[in-house]
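Pasted below: protein06.cif, mmCIF, C-alpha atoms.
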```
data_entry
#
loop_
_atom_site.label_atom_id
_atom_site.label_comp_id
_atom_site.auth_asym_id
_atom_site.auth_seq_id
_atom_site.Cartn_x
_atom_site.Cartn_y
_atom_site.Cartn_z
CA MET E 1 -41.76 7.84 109.12
CA VAL E 2 -42.20 7.27 105.39
CA LYS E 3 -38.51 7.91 104.88
CA LYS E 4 -37.61 5.30 107.51
CA ILE E 5 -39.95 2.77 105.94
CA MET E 6 -38.37 3.38 102.54
CA MET E 7 -34.89 2.89 103.99
CA VAL E 8 -35.95 -0.41 105.59
CA ILE E 9 -37.46 -1.60 102.30
CA LEU E 10 -34.26 -0.61 100.44
CA PHE E 11 -32.11 -2.40 103.01
CA LEU E 12 -34.23 -5.55 102.82
CA SER E 13 -34.18 -5.48 99.03
CA MET E 14 -30.38 -5.26 99.05
CA ILE E 15 -30.18 -8.30 101.34
CA PHE E 16 -32.62 -10.15 99.11
CA GLU E 17 -30.58 -9.32 96.00
CA VAL E 18 -27.36 -10.45 97.66
CA GLY E 19 -29.10 -13.67 98.61
CA LEU E 20 -30.28 -14.16 95.06
CA TYR E 21 -26.80 -13.42 93.75
CA SER E 22 -25.19 -15.90 96.13
CA ALA E 23 -27.68 -18.58 95.18
CA SER E 24 -27.17 -17.90 91.48
CA VAL E 25 -23.41 -18.18 91.83
CA TYR E 26 -23.84 -21.70 93.13
CA SER E 27 -26.66 -22.67 90.77
CA GLU E 28 -24.51 -21.57 87.84
CA GLU E 29 -21.51 -23.75 88.79
CA ILE E 30 -20.19 -24.91 85.43
CA GLY E 31 -21.72 -28.19 84.30
CA VAL E 32 -24.00 -28.50 87.32
CA SER E 33 -27.75 -27.92 87.43
CA ASP E 34 -30.50 -29.08 89.75
CA GLU E 35 -31.14 -32.03 87.42
CA GLU E 36 -27.74 -33.13 86.13
CA ILE E 37 -23.96 -33.13 86.26
CA LEU E 38 -22.38 -32.80 82.83
CA ILE E 39 -19.15 -34.73 82.22
CA GLY E 40 -16.94 -34.78 79.10
CA SER E 41 -14.74 -37.42 77.50
CA SER E 42 -12.44 -37.62 74.48
CA LEU E 43 -11.36 -41.13 73.52
CA ALA E 44 -10.83 -43.44 70.56
CA LEU E 45 -14.14 -44.88 69.40
CA GLU E 46 -13.01 -45.72 65.87
CA GLY E 47 -9.71 -46.47 64.16
CA HIS E 48 -6.82 -48.68 65.22
CA ALA E 49 -7.44 -48.07 68.94
CA GLY E 50 -11.22 -47.90 68.71
CA TYR E 51 -11.70 -51.15 70.60
CA LEU E 52 -10.04 -49.64 73.66
CA GLY E 53 -12.25 -46.56 73.76
CA THR E 54 -15.51 -48.38 73.11
CA GLN E 55 -14.83 -50.93 75.84
CA TYR E 56 -13.74 -48.21 78.28
CA ARG E 57 -17.01 -46.41 77.56
CA TYR E 58 -19.17 -49.53 77.99
CA GLY E 59 -17.66 -50.20 81.41
CA ALA E 60 -18.08 -46.65 82.68
CA LEU E 61 -21.64 -46.39 81.40
CA SER E 62 -22.61 -49.70 82.99
CA TYR E 63 -22.12 -48.15 86.41
CA LEU E 64 -23.27 -44.61 85.57
CA ASN E 65 -26.50 -45.90 84.03
CA TYR E 66 -27.11 -47.89 87.20
CA ILE E 67 -26.55 -44.81 89.37
CA ASN E 68 -28.86 -42.71 87.18
CA ASP E 69 -31.57 -45.36 87.25
CA ASN E 70 -31.43 -45.25 91.03
CA GLY E 71 -31.83 -41.51 91.44
CA GLY E 72 -28.40 -40.21 90.50
CA VAL E 73 -26.20 -38.37 92.99
CA TYR E 74 -28.26 -36.12 95.30
CA GLY E 75 -31.01 -36.25 92.70
CA ARG E 76 -28.75 -35.24 89.81
CA LYS E 77 -28.24 -37.57 86.84
CA ILE E 78 -24.75 -37.89 85.41
CA ARG E 79 -24.62 -37.19 81.68
CA VAL E 80 -21.45 -37.80 79.69
CA ILE E 81 -20.64 -36.23 76.33
CA TRP E 82 -18.38 -38.65 74.42
CA TYR E 83 -16.24 -37.39 71.53
CA ASP E 84 -14.20 -39.66 69.30
CA ASP E 85 -10.58 -38.58 68.82
CA GLY E 86 -9.37 -41.65 66.93
CA TYR E 87 -6.29 -41.79 69.23
CA ASP E 88 -5.08 -38.65 67.46
CA PRO E 89 -3.60 -35.91 69.70
CA PRO E 90 -4.77 -32.85 67.68
CA ARG E 91 -8.35 -34.16 67.77
CA THR E 92 -8.04 -34.71 71.52
CA ILE E 93 -7.00 -31.08 72.00
CA ALA E 94 -9.91 -29.84 69.85
CA ASN E 95 -12.39 -32.09 71.68
CA THR E 96 -11.15 -30.97 75.09
CA ASN E 97 -11.42 -27.28 74.24
CA LYS E 98 -14.92 -27.86 72.91
CA LEU E 99 -15.98 -29.74 76.04
CA ILE E 100 -14.72 -26.96 78.29
CA ASP E 101 -15.61 -23.87 76.24
CA GLU E 102 -18.76 -24.85 74.37
CA ASP E 103 -20.30 -27.77 76.26
CA LYS E 104 -19.20 -26.35 79.61
CA VAL E 105 -18.69 -29.67 81.37
CA PHE E 106 -18.08 -29.94 85.09
CA CYS E 107 -15.10 -32.27 84.67
CA LEU E 108 -13.33 -34.55 82.19
CA PHE E 109 -13.42 -38.32 82.39
CA CYS E 110 -12.11 -41.56 80.86
CA TYR E 111 -9.51 -40.32 78.38
CA VAL E 112 -7.62 -43.01 76.42
CA GLY E 113 -3.93 -43.05 75.60
CA THR E 114 -0.65 -41.37 76.47
CA PRO E 115 0.06 -39.33 73.29
CA THR E 116 -3.46 -37.92 73.46
CA SER E 117 -3.67 -37.29 77.20
CA VAL E 118 -0.28 -35.59 77.62
CA LYS E 119 -1.26 -32.95 75.08
CA ILE E 120 -4.13 -31.69 77.19
CA ILE E 121 -2.21 -31.39 80.47
CA PRO E 122 -1.65 -27.62 79.95
CA ILE E 123 -5.35 -27.11 79.20
CA VAL E 124 -6.48 -28.97 82.31
CA GLU E 125 -4.03 -27.16 84.56
CA ARG E 126 -4.69 -23.70 83.12
CA ARG E 127 -8.47 -24.07 83.19
CA LYS E 128 -8.50 -25.95 86.52
CA VAL E 129 -10.87 -28.62 85.24
CA PRO E 130 -10.62 -32.02 87.01
CA LEU E 131 -9.70 -34.97 84.77
CA LEU E 132 -10.40 -38.36 86.34
CA GLY E 133 -9.65 -41.84 85.02
CA LEU E 134 -7.13 -42.04 82.19
CA PHE E 135 -6.42 -45.26 80.30
CA THR E 136 -2.68 -44.71 80.43
CA GLY E 137 0.03 -45.48 82.94
CA ALA E 138 2.40 -42.74 81.75
CA ASN E 139 4.64 -41.27 84.42
CA VAL E 140 4.32 -37.71 83.06
CA LEU E 141 0.70 -37.74 84.22
CA ARG E 142 1.88 -38.65 87.72
CA GLU E 143 5.15 -36.78 88.22
CA PRO E 144 5.33 -33.96 88.98
CA PHE E 145 2.12 -33.95 90.98
CA ARG E 146 -0.77 -32.39 89.05
CA LYS E 147 -3.65 -31.16 91.17
CA TYR E 148 -6.38 -31.55 88.53
CA ILE E 149 -5.36 -34.95 87.14
CA ILE E 150 -6.62 -38.01 89.02
CA ASN E 151 -5.11 -41.37 88.08
CA VAL E 152 -6.93 -44.50 89.17
CA ARG E 153 -4.88 -47.24 87.47
CA SER E 154 -1.29 -48.28 88.23
CA SER E 155 1.58 -46.94 86.14
CA TYR E 156 3.60 -48.46 83.30
CA TYR E 157 6.68 -48.11 85.51
CA SER E 158 4.99 -50.50 87.94
CA GLU E 159 4.10 -52.96 85.17
CA THR E 160 7.51 -53.06 83.49
CA GLY E 161 9.27 -52.96 86.86
CA LYS E 162 7.43 -56.07 88.02
CA VAL E 163 8.27 -58.01 84.87
CA VAL E 164 11.95 -57.05 84.97
CA HIS E 165 12.12 -58.04 88.64
CA HIS E 166 10.73 -61.53 88.02
CA ALA E 167 12.71 -62.02 84.80
CA VAL E 168 15.99 -61.31 86.57
CA GLU E 169 15.29 -62.60 90.09
CA ASP E 170 13.23 -65.72 89.31
CA LEU E 171 14.35 -66.67 85.82
CA ASP E 172 17.93 -65.34 85.80
CA LEU E 173 17.37 -63.67 82.43
CA LYS E 174 19.78 -60.97 81.31
CA LYS E 175 18.87 -60.38 77.67
CA ILE E 176 15.76 -58.20 77.74
CA ALA E 177 14.59 -56.29 74.65
CA VAL E 178 11.92 -53.63 74.20
CA PHE E 179 9.49 -53.24 71.28
CA TYR E 180 7.70 -49.93 71.60
CA GLN E 181 5.35 -47.49 69.89
CA TYR E 182 7.29 -44.42 68.85
CA ASP E 183 5.42 -41.77 70.82
CA ALA E 184 4.94 -40.63 74.41
CA TYR E 185 3.31 -43.96 75.36
CA GLY E 186 6.03 -46.22 74.02
CA ILE E 187 8.88 -44.02 75.16
CA ASP E 188 7.43 -43.95 78.69
CA GLY E 189 7.31 -47.75 78.74
CA LEU E 190 10.88 -47.92 77.39
CA LYS E 191 12.09 -45.54 80.09
CA GLY E 192 10.33 -47.54 82.81
CA THR E 193 12.03 -50.72 81.56
CA GLU E 194 15.42 -49.03 81.46
CA ILE E 195 15.01 -47.75 85.02
CA ALA E 196 14.07 -51.24 86.23
CA LEU E 197 17.00 -52.86 84.38
CA LYS E 198 19.45 -50.31 85.74
CA ARG E 199 18.80 -51.62 89.26
CA TYR E 200 20.46 -54.84 88.13
CA GLY E 201 23.26 -53.17 86.18
CA LEU E 202 21.55 -54.06 82.89
CA SER E 203 20.21 -52.27 79.83
CA PRO E 204 18.06 -53.47 76.92
CA VAL E 205 19.90 -55.71 74.45
CA ALA E 206 17.72 -54.10 71.79
CA ALA E 207 15.13 -51.32 71.71
CA GLU E 208 13.15 -51.10 68.49
CA SER E 209 10.10 -49.01 67.67
CA PHE E 210 7.19 -48.78 65.23
CA ILE E 211 5.01 -45.87 64.16
CA ARG E 212 1.70 -45.35 65.96
CA GLY E 213 -1.18 -46.54 63.79
CA SER E 214 0.96 -48.82 61.61
CA THR E 215 1.73 -52.54 61.68
CA ASP E 216 5.13 -52.21 60.02
CA ILE E 217 7.14 -54.30 62.45
CA GLU E 218 9.54 -56.13 60.11
CA GLY E 219 12.70 -54.16 60.78
CA ALA E 220 12.11 -54.08 64.53
CA LEU E 221 11.46 -57.82 64.60
CA GLU E 222 14.64 -58.70 62.74
CA ASN E 223 16.84 -56.47 64.92
CA ILE E 224 15.34 -57.80 68.16
CA ARG E 225 15.59 -61.35 66.88
CA ALA E 226 19.27 -60.78 66.09
CA SER E 227 19.86 -59.68 69.70
CA ASP E 228 18.97 -63.18 71.00
CA ALA E 229 16.60 -61.56 73.50
CA GLU E 230 15.22 -63.95 76.13
CA ILE E 231 12.22 -61.75 76.86
CA VAL E 232 10.62 -58.96 74.81
CA ILE E 233 8.73 -56.26 76.69
CA MET E 234 6.15 -54.76 74.34
CA ILE E 235 4.58 -51.32 74.67
CA GLY E 236 2.02 -50.96 71.91
CA THR E 237 -1.54 -51.69 70.84
CA TYR E 238 -3.05 -55.03 69.89
CA ALA E 239 -2.57 -55.07 66.08
CA PRO E 240 1.21 -54.42 65.79
CA CYS E 241 1.99 -56.44 68.91
CA ALA E 242 -0.02 -59.42 67.65
CA LYS E 243 1.74 -59.26 64.28
CA PHE E 244 5.16 -59.08 65.96
CA ILE E 245 4.50 -62.19 68.07
CA ILE E 246 2.97 -64.21 65.24
CA GLU E 247 5.73 -63.38 62.78
CA GLY E 248 8.39 -63.95 65.42
CA LYS E 249 7.10 -67.42 66.27
CA LYS E 250 6.76 -68.30 62.61
CA ARG E 251 10.48 -67.55 62.25
CA GLY E 252 11.44 -69.66 65.24
CA PHE E 253 11.96 -66.69 67.59
CA ASN E 254 10.50 -67.86 70.89
CA PRO E 255 11.45 -65.62 73.80
CA ILE E 256 8.94 -64.76 76.50
CA TYR E 257 6.66 -62.07 75.09
CA HIS E 258 5.21 -59.59 77.56
CA ASN E 259 2.62 -56.88 76.90
CA VAL E 260 1.52 -54.07 79.19
CA SER E 261 -2.17 -53.55 79.98
CA PHE E 262 -2.84 -50.82 77.40
CA VAL E 263 -2.43 -53.37 74.60
CA GLY E 264 -6.10 -54.35 74.86
CA PRO E 265 -5.68 -57.82 76.42
CA ASN E 266 -8.80 -59.55 75.15
CA LYS E 267 -8.37 -58.21 71.64
CA LEU E 268 -4.73 -59.30 71.61
CA VAL E 269 -5.68 -62.84 72.67
CA GLU E 270 -8.28 -62.95 69.92
CA MET E 271 -5.82 -61.80 67.25
CA LEU E 272 -3.04 -64.15 68.38
CA GLY E 273 -5.15 -67.30 68.29
CA GLU E 274 -2.94 -70.38 68.61
CA TYR E 275 0.19 -68.21 68.66
CA GLY E 276 -0.72 -66.68 72.00
CA GLU E 277 -0.23 -69.72 74.21
CA GLY E 278 1.94 -68.97 77.23
CA GLU E 279 2.48 -65.26 76.65
CA ILE E 280 2.24 -62.71 79.47
CA ILE E 281 0.14 -59.58 79.91
CA THR E 282 0.36 -57.46 83.04
CA GLN E 283 -2.96 -55.99 84.16
CA VAL E 284 -4.11 -53.17 86.43
CA VAL E 285 -7.43 -54.88 87.24
CA PRO E 286 -8.21 -58.54 87.98
CA PRO E 287 -9.54 -60.86 85.25
CA PRO E 288 -13.23 -60.19 84.55
CA CYS E 289 -13.89 -63.92 85.00
CA GLN E 290 -12.90 -63.65 88.68
CA THR E 291 -16.46 -63.16 89.91
CA SER E 292 -15.54 -64.37 93.39
CA LEU E 293 -14.54 -60.71 93.85
CA ALA E 294 -17.60 -58.62 94.70
CA GLY E 295 -16.67 -55.72 92.43
CA VAL E 296 -16.07 -57.98 89.45
CA GLU E 297 -19.37 -59.76 90.05
CA GLU E 298 -21.16 -56.39 90.18
CA TYR E 299 -19.44 -55.28 86.96
CA VAL E 300 -20.34 -58.46 85.08
CA GLY E 301 -23.97 -58.15 86.18
CA LEU E 302 -24.35 -54.49 85.21
CA LEU E 303 -22.50 -54.87 81.91
CA GLY E 304 -24.82 -57.75 81.04
CA HIS E 305 -27.85 -55.68 81.99
CA TYR E 306 -27.03 -52.50 80.08
CA PHE E 307 -24.91 -53.91 77.24
CA PRO E 308 -25.98 -57.55 76.85
CA GLU E 309 -24.15 -57.96 73.55
CA GLU E 310 -20.78 -57.12 75.11
CA SER E 311 -18.52 -59.66 76.81
CA PRO E 312 -16.70 -58.85 80.07
CA ASP E 313 -13.29 -57.39 79.32
CA PHE E 314 -10.28 -55.99 81.18
CA VAL E 315 -10.67 -52.58 79.53
CA SER E 316 -14.36 -52.15 80.33
CA LEU E 317 -13.77 -53.34 83.90
CA GLU E 318 -11.25 -50.53 84.27
CA GLY E 319 -13.80 -48.02 82.96
CA PHE E 320 -16.32 -49.39 85.45
CA ILE E 321 -13.92 -48.80 88.35
CA ASN E 322 -13.26 -45.24 87.15
CA ALA E 323 -16.99 -44.59 87.28
CA LYS E 324 -17.19 -45.87 90.86
CA VAL E 325 -14.43 -43.46 91.89
CA LEU E 326 -16.15 -40.59 90.08
CA VAL E 327 -19.45 -41.26 91.84
CA GLU E 328 -17.76 -41.63 95.23
CA GLY E 329 -16.09 -38.26 94.77
CA LEU E 330 -19.37 -36.62 93.79
CA ARG E 331 -21.15 -38.13 96.78
CA ARG E 332 -18.52 -36.88 99.20
CA CYS E 333 -18.99 -33.33 97.93
CA GLY E 334 -22.55 -33.18 99.17
CA ARG E 335 -25.26 -31.22 97.41
CA GLU E 336 -23.20 -28.05 96.91
CA LEU E 337 -20.92 -29.33 94.16
CA THR E 338 -17.92 -27.35 92.92
CA ARG E 339 -14.74 -28.37 91.13
CA GLU E 340 -12.53 -27.51 94.08
CA LYS E 341 -14.76 -29.43 96.48
CA PHE E 342 -14.59 -32.38 94.09
CA ILE E 343 -10.78 -32.39 94.18
CA ASN E 344 -10.87 -32.21 97.99
CA ALA E 345 -13.42 -35.03 98.09
CA ILE E 346 -11.23 -37.27 95.93
CA GLU E 347 -8.26 -36.54 98.18
CA SER E 348 -10.32 -37.68 101.17
CA ILE E 349 -10.77 -41.19 99.74
CA LYS E 350 -8.90 -43.74 101.86
CA ASP E 351 -9.16 -47.55 101.82
CA PHE E 352 -12.01 -47.38 99.32
CA ASP E 353 -13.01 -50.98 98.59
CA VAL E 354 -14.34 -51.36 95.04
CA GLY E 355 -14.28 -55.16 95.29
CA ILE E 356 -11.20 -56.02 93.23
CA GLY E 357 -8.87 -57.19 95.97
CA ALA E 358 -7.06 -53.84 96.27
CA ASP E 359 -8.24 -50.66 97.98
CA ILE E 360 -8.10 -47.22 96.37
CA ASN E 361 -6.29 -44.46 98.20
CA PHE E 362 -5.76 -40.79 97.41
CA GLY E 363 -4.57 -37.82 99.41
CA PRO E 364 -3.26 -34.25 99.15
CA GLY E 365 -0.26 -34.53 96.86
CA ASP E 366 -1.23 -38.11 95.92
CA HIS E 367 -3.56 -38.64 92.96
CA GLN E 368 -2.50 -42.23 92.26
CA GLY E 369 -5.36 -44.47 93.39
CA LEU E 370 -4.11 -48.01 92.72
CA ASP E 371 -0.64 -49.58 92.68
CA LYS E 372 -1.44 -53.27 92.37
CA ILE E 373 -0.34 -55.22 89.28
CA TYR E 374 -2.02 -58.49 88.27
CA THR E 375 -0.01 -60.84 86.07
CA THR E 376 -1.88 -62.99 83.56
CA ARG E 377 -0.79 -65.65 81.11
CA ILE E 378 -2.60 -66.87 77.99
CA HIS E 379 -3.73 -70.48 78.35
CA LYS E 380 -6.05 -72.11 75.82
CA GLY E 381 -7.34 -68.78 74.64
CA GLU E 382 -8.02 -67.45 78.16
CA LEU E 383 -6.11 -65.04 80.37
CA MET E 384 -5.35 -66.69 83.70
CA LEU E 385 -3.75 -65.20 86.80
CA PHE E 386 -0.40 -66.64 87.70
CA ASN E 387 2.27 -65.97 90.33
CA ASN E 388 4.72 -68.82 89.88
CA TRP E 389 7.26 -67.51 87.41
CA GLU E 390 9.23 -70.73 87.67
CA ILE E 391 6.79 -72.38 85.27
CA LEU E 392 8.17 -70.15 82.50
CA LYS E 393 11.41 -72.14 82.65
CA GLU E 394 9.62 -75.21 81.34
#
```
In structure tokens, what does this structure look like?
Amino acid sequence: MVKKIMMVILFLSMIFEVGLYSASVYSEEIGVSDEEILIGSSLALEGHAGYLGTQYRYGALSYLNYINDNGGVYGRKIRVIWYDDGYDPPRTIANTNKLIDEDKVFCLFCYVGTPTSVKIIPIVERRKVPLLGLFTGANVLREPFRKYIINVRSSYYSETGKVVHHAVEDLDLKKIAVFYQYDAYGIDGLKGTEIALKRYGLSPVAAESFIRGSTDIEGALENIRASDAEIVIMIGTYAPCAKFIIEGKKRGFNPIYHNVSFVGPNKLVEMLGEYGEGEIITQVVPPPCQTSLAGVEEYVGLLGHYFPEESPDFVSLEGFINAKVLVEGLRRCGRELTREKFINAIESIKDFDVGIGADINFGPGDHQGLDKIYTTRIHKGELMLFNNWEILKE
């Protein structure tokens, strides 16, 4: 009898230990505890692209702070570790390895830039760590399909393709030049422009570059000016692009100037001053002044609440939308959160209305959430939506 009792006790203890082990496996999911979900980000907070990273961060935190103040996600607060990489790829690699290996984050979030982000693709794929919300429209982050990379914004191919379409179809322009940053970002924008032009049997009349982090645009300006370009598609950041436009106009070179969204639209307008009138910037989110849209109104209100010294901005609005997608994915996972369940949850998002006039859609094999492009034009120091390209003939 004693022997039987001992066997029963041993059997029950084994079951109990297995139960404890199973529970501990879940409770020790990387970056997840009963109280919080730990997220990591590497982005430019200082240096020549620091404006982009700081605004991106303000927008994301506006929504995440709101979620945390209202109980978090299934009782867990979302905490983000932010590392500055200065828009420098080696620092991005070091930050990413630290976030994964030392900080042990659940996922990565809100990275800024093409040259930085492309360098950590192998790390993300090898370690199987989700990366959601990148401030880059580079095609290499979209094709081939990458299971652990989740793009919310539209691509540079979509931005440059739209501009080329309207330049050729509506304005009958044939002389299109490209001014681009000499790195993965600029080259991606150049390639997207070339693909779009090829549909019309055209190629750039000039393609001139500048070095990332510099404002040495003189040689590029003179060569593009000599090409008699009717429109210049610009793939860079605010400082060199502003200098190019100002110096070009001072020298009587007055084509249509177009910038893609990564330029930092509000900062570019500020730097251009009176020289910005009439120039075009394509956007991946609507203007932050368009508060008739529910999502924009919510963003403006929360940004004002948590960061009252900051003005609404295209870049921070994009960060805000990323945060909404992140939270939606976490909610769809339920209480038992794992990285693989998070990927599956993101892929289940269909017709997700974040209040910007375009729904977000993902799916298995499709990690591109938005495709809409908004076209804005500088008018009296403000960026205004416009759709009638015919006015550019005036």
Distance atom CA of E:Arg331-atom CA of E:Arg76, one decimal place?
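Pair atom CA of E:Arg331 / atom CA of E:Arg76 returns 10.7 Å.
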Dump as CSV the rows for residues of stretch 288-333 of chain E within 7 Å of stretch 49-70 of chain E: closest atom pair and distance in Å with one decimal, only C-alpha atoms counted, ordered by chain and rising residue number.
```
residue,atom,partner,partner_atom,distance
E:Leu302,CA,E:Ser62,CA,5.6
E:Leu303,CA,E:Ser62,CA,5.3
E:Tyr306,CA,E:Ser62,CA,6.0
E:Val315,CA,E:Tyr56,CA,5.5
E:Ser316,CA,E:Gly59,CA,4.0
E:Leu317,CA,E:Gly59,CA,5.6
E:Glu318,CA,E:Tyr56,CA,6.9
E:Gly319,CA,E:Ala60,CA,4.5
E:Phe320,CA,E:Ala60,CA,4.3
E:Asn322,CA,E:Ala60,CA,6.7
E:Ala323,CA,E:Ala60,CA,5.2
```
Using all atoms listed in the file, which of the listed residues (E:Val232, E:Ala138, E:Val325, E:Ile378) sits closest to E:Ile280?
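Closest to E:Ile280 of all the choices is E:Ile378.
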Quick check, in Å to one decimal: how far apart do atom CA of E:His258 and atom CA of E:Gln368 lie?
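Interatomic distance here is 24.0 Å.
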Just so the selection is clear, what residues does the PyMOL selection byres ((chain E and resi 179-190) around 8) cover here, as a list in words?
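Going through the file, the PyMOL selection byres ((chain E and resi 179-190) around 8) ends up selecting Gly113, Thr114, Pro115, Val118, Thr136, Ala138, Asn139, Tyr156, Tyr157, Thr160, Ala177, Val178, Lys191, Gly192, Thr193, Glu194, Ala207, Glu208, Ser209, Phe210, Ile211, Arg212, Ala220, Val232, Ile233, Met234, Ile235 and Gly236 of chain E.
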Output file for the residues above (C-alpha atoms, as a PDB file, in the coordinates of the input):
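Full text of part-v2.pdb as output:
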```
ATOM      1  CA  GLY E 113      -3.930 -43.050  75.600  1.00  0.00           C
ATOM      2  CA  THR E 114      -0.650 -41.370  76.470  1.00  0.00           C
ATOM      3  CA  PRO E 115       0.060 -39.330  73.290  1.00  0.00           C
ATOM      4  CA  VAL E 118      -0.280 -35.590  77.620  1.00  0.00           C
ATOM      5  CA  THR E 136      -2.680 -44.710  80.430  1.00  0.00           C
ATOM      6  CA  ALA E 138       2.400 -42.740  81.750  1.00  0.00           C
ATOM      7  CA  ASN E 139       4.640 -41.270  84.420  1.00  0.00           C
ATOM      8  CA  TYR E 156       3.600 -48.460  83.300  1.00  0.00           C
ATOM      9  CA  TYR E 157       6.680 -48.110  85.510  1.00  0.00           C
ATOM     10  CA  THR E 160       7.510 -53.060  83.490  1.00  0.00           C
ATOM     11  CA  ALA E 177      14.590 -56.290  74.650  1.00  0.00           C
ATOM     12  CA  VAL E 178      11.920 -53.630  74.200  1.00  0.00           C
ATOM     13  CA  LYS E 191      12.090 -45.540  80.090  1.00  0.00           C
ATOM     14  CA  GLY E 192      10.330 -47.540  82.810  1.00  0.00           C
ATOM     15  CA  THR E 193      12.030 -50.720  81.560  1.00  0.00           C
ATOM     16  CA  GLU E 194      15.420 -49.030  81.460  1.00  0.00           C
ATOM     17  CA  ALA E 207      15.130 -51.320  71.710  1.00  0.00           C
ATOM     18  CA  GLU E 208      13.150 -51.100  68.490  1.00  0.00           C
ATOM     19  CA  SER E 209      10.100 -49.010  67.670  1.00  0.00           C
ATOM     20  CA  PHE E 210       7.190 -48.780  65.230  1.00  0.00           C
ATOM     21  CA  ILE E 211       5.010 -45.870  64.160  1.00  0.00           C
ATOM     22  CA  ARG E 212       1.700 -45.350  65.960  1.00  0.00           C
ATOM     23  CA  ALA E 220      12.110 -54.080  64.530  1.00  0.00           C
ATOM     24  CA  VAL E 232      10.620 -58.960  74.810  1.00  0.00           C
ATOM     25  CA  ILE E 233       8.730 -56.260  76.690  1.00  0.00           C
ATOM     26  CA  MET E 234       6.150 -54.760  74.340  1.00  0.00           C
ATOM     27  CA  ILE E 235       4.580 -51.320  74.670  1.00  0.00           C
ATOM     28  CA  GLY E 236       2.020 -50.960  71.910  1.00  0.00           C
TER      29      GLY E 236
END
```
What does the distance from atom CA of E:Gly273 to atom CA of E:Gly301 come to in Å, to one decimal?
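Those two atoms sit 27.5 Å apart.
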Determine the nearest neighbour of E:Asn266 from the options E:Asp313, E:Glu35, E:Asp88, E:Glu347, counting all atoms listed in the file.
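Among E:Asp313, E:Glu35, E:Asp88, E:Glu347, it is E:Asp313 that comes nearest to E:Asn266.
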For the file shown, report as a list in words the outcome of the PyMOL selection byres ((chain E and resi 95) around 9) at residue level.
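In the shown coordinates, the PyMOL selection byres ((chain E and resi 95) around 9) covers Ser41, Ser42, Tyr83, Asp84, Asp85, Pro90, Arg91, Thr92, Ile93, Ala94, Thr96, Asn97, Lys98, Leu99 and Ile100 of chain E.
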Evaluate the PyMOL selection byres ((chain E and resi 289) around 12) and record the selected residues as a list in words, following the chain and residue labels used in the document.
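Selected by the PyMOL selection byres ((chain E and resi 289) around 12) here: Asn266, Val285, Pro286, Pro287, Pro288, Gln290, Thr291, Ser292, Leu293, Ala294, Gly295, Val296, Glu297, Glu298, Tyr299, Val300, Gly301, Ser311, Pro312, Asp313, Phe314, Leu317, Ile356, Glu382, Leu383, Met384 and Leu385 of chain E.
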Between E:Arg199, E:Lys393, E:Lys350, E:Arg335, which residue has the minimum interatomic distance to E:Ile256, considering only C-alpha atoms?
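Nearest to E:Ile256: E:Lys393.
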Go ahead and find all residues with at least one atom no further than 9 Å from (16.8, -60.6, 74.7) in the file's coordinates, using all atoms listed in the file; report them as a PDB file with C-alpha atoms, in the coordinates of the input.
```
ATOM      1  CA  LEU E 173      17.370 -63.670  82.430  1.00  0.00           C
ATOM      2  CA  LYS E 174      19.780 -60.970  81.310  1.00  0.00           C
ATOM      3  CA  LYS E 175      18.870 -60.380  77.670  1.00  0.00           C
ATOM      4  CA  ILE E 176      15.760 -58.200  77.740  1.00  0.00           C
ATOM      5  CA  ALA E 177      14.590 -56.290  74.650  1.00  0.00           C
ATOM      6  CA  VAL E 178      11.920 -53.630  74.200  1.00  0.00           C
ATOM      7  CA  PRO E 204      18.060 -53.470  76.920  1.00  0.00           C
ATOM      8  CA  VAL E 205      19.900 -55.710  74.450  1.00  0.00           C
ATOM      9  CA  ALA E 206      17.720 -54.100  71.790  1.00  0.00           C
ATOM     10  CA  ILE E 224      15.340 -57.800  68.160  1.00  0.00           C
ATOM     11  CA  ARG E 225      15.590 -61.350  66.880  1.00  0.00           C
ATOM     12  CA  ALA E 226      19.270 -60.780  66.090  1.00  0.00           C
ATOM     13  CA  SER E 227      19.860 -59.680  69.700  1.00  0.00           C
ATOM     14  CA  ASP E 228      18.970 -63.180  71.000  1.00  0.00           C
ATOM     15  CA  ALA E 229      16.600 -61.560  73.500  1.00  0.00           C
ATOM     16  CA  GLU E 230      15.220 -63.950  76.130  1.00  0.00           C
ATOM     17  CA  ILE E 231      12.220 -61.750  76.860  1.00  0.00           C
ATOM     18  CA  VAL E 232      10.620 -58.960  74.810  1.00  0.00           C
ATOM     19  CA  PRO E 255      11.450 -65.620  73.800  1.00  0.00           C
TER      20      PRO E 255
END
```
Excluding E:Phe262 and any residue of its chain fewer than 2 positions from it, enumerate the residues within 7 Å of it, using only C-alpha atoms, and give them as a PyMOL selection string.
chain E and resi 136+237+260+264
Nearest to E:Phe386 by atom-to-atom distance, counting only C-alpha atoms, from E:Pro364, E:Val124, E:Glu279, E:Asn223:
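When distances to E:Phe386 are compared using only C-alpha atoms, the smallest one comes from E:Glu279.
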Surrounding residues of E:Gly329 excluding itself and chain neighbours under 4 positions, 8 Å, only C-alpha atoms, as a list of chain:residue names:
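The contact residues come out as E:Val325, E:Cys333, E:Phe342, E:Ile343, E:Ala345, E:Ile346, E:Ile349.
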Skip E:Lys372 itself and residues of its chain fewer than 6 positions away, then list as number ranges by chain all residues within 10 Å of it, counting all atoms listed in the file.
E: 153-155, 158-159, 283-286, 357-360
Using all atoms listed in the file, the residue out of E:Ala239, E:Leu132, E:Ile120, E:Leu392 with shortest distance to E:Glu328 is E:Leu132
Looking at E:Gly31, E:Pro265, E:Gly40, E:Pro144, which one is nearest to E:Thr375, with distances taken over only C-alpha atoms?
E:Pro265
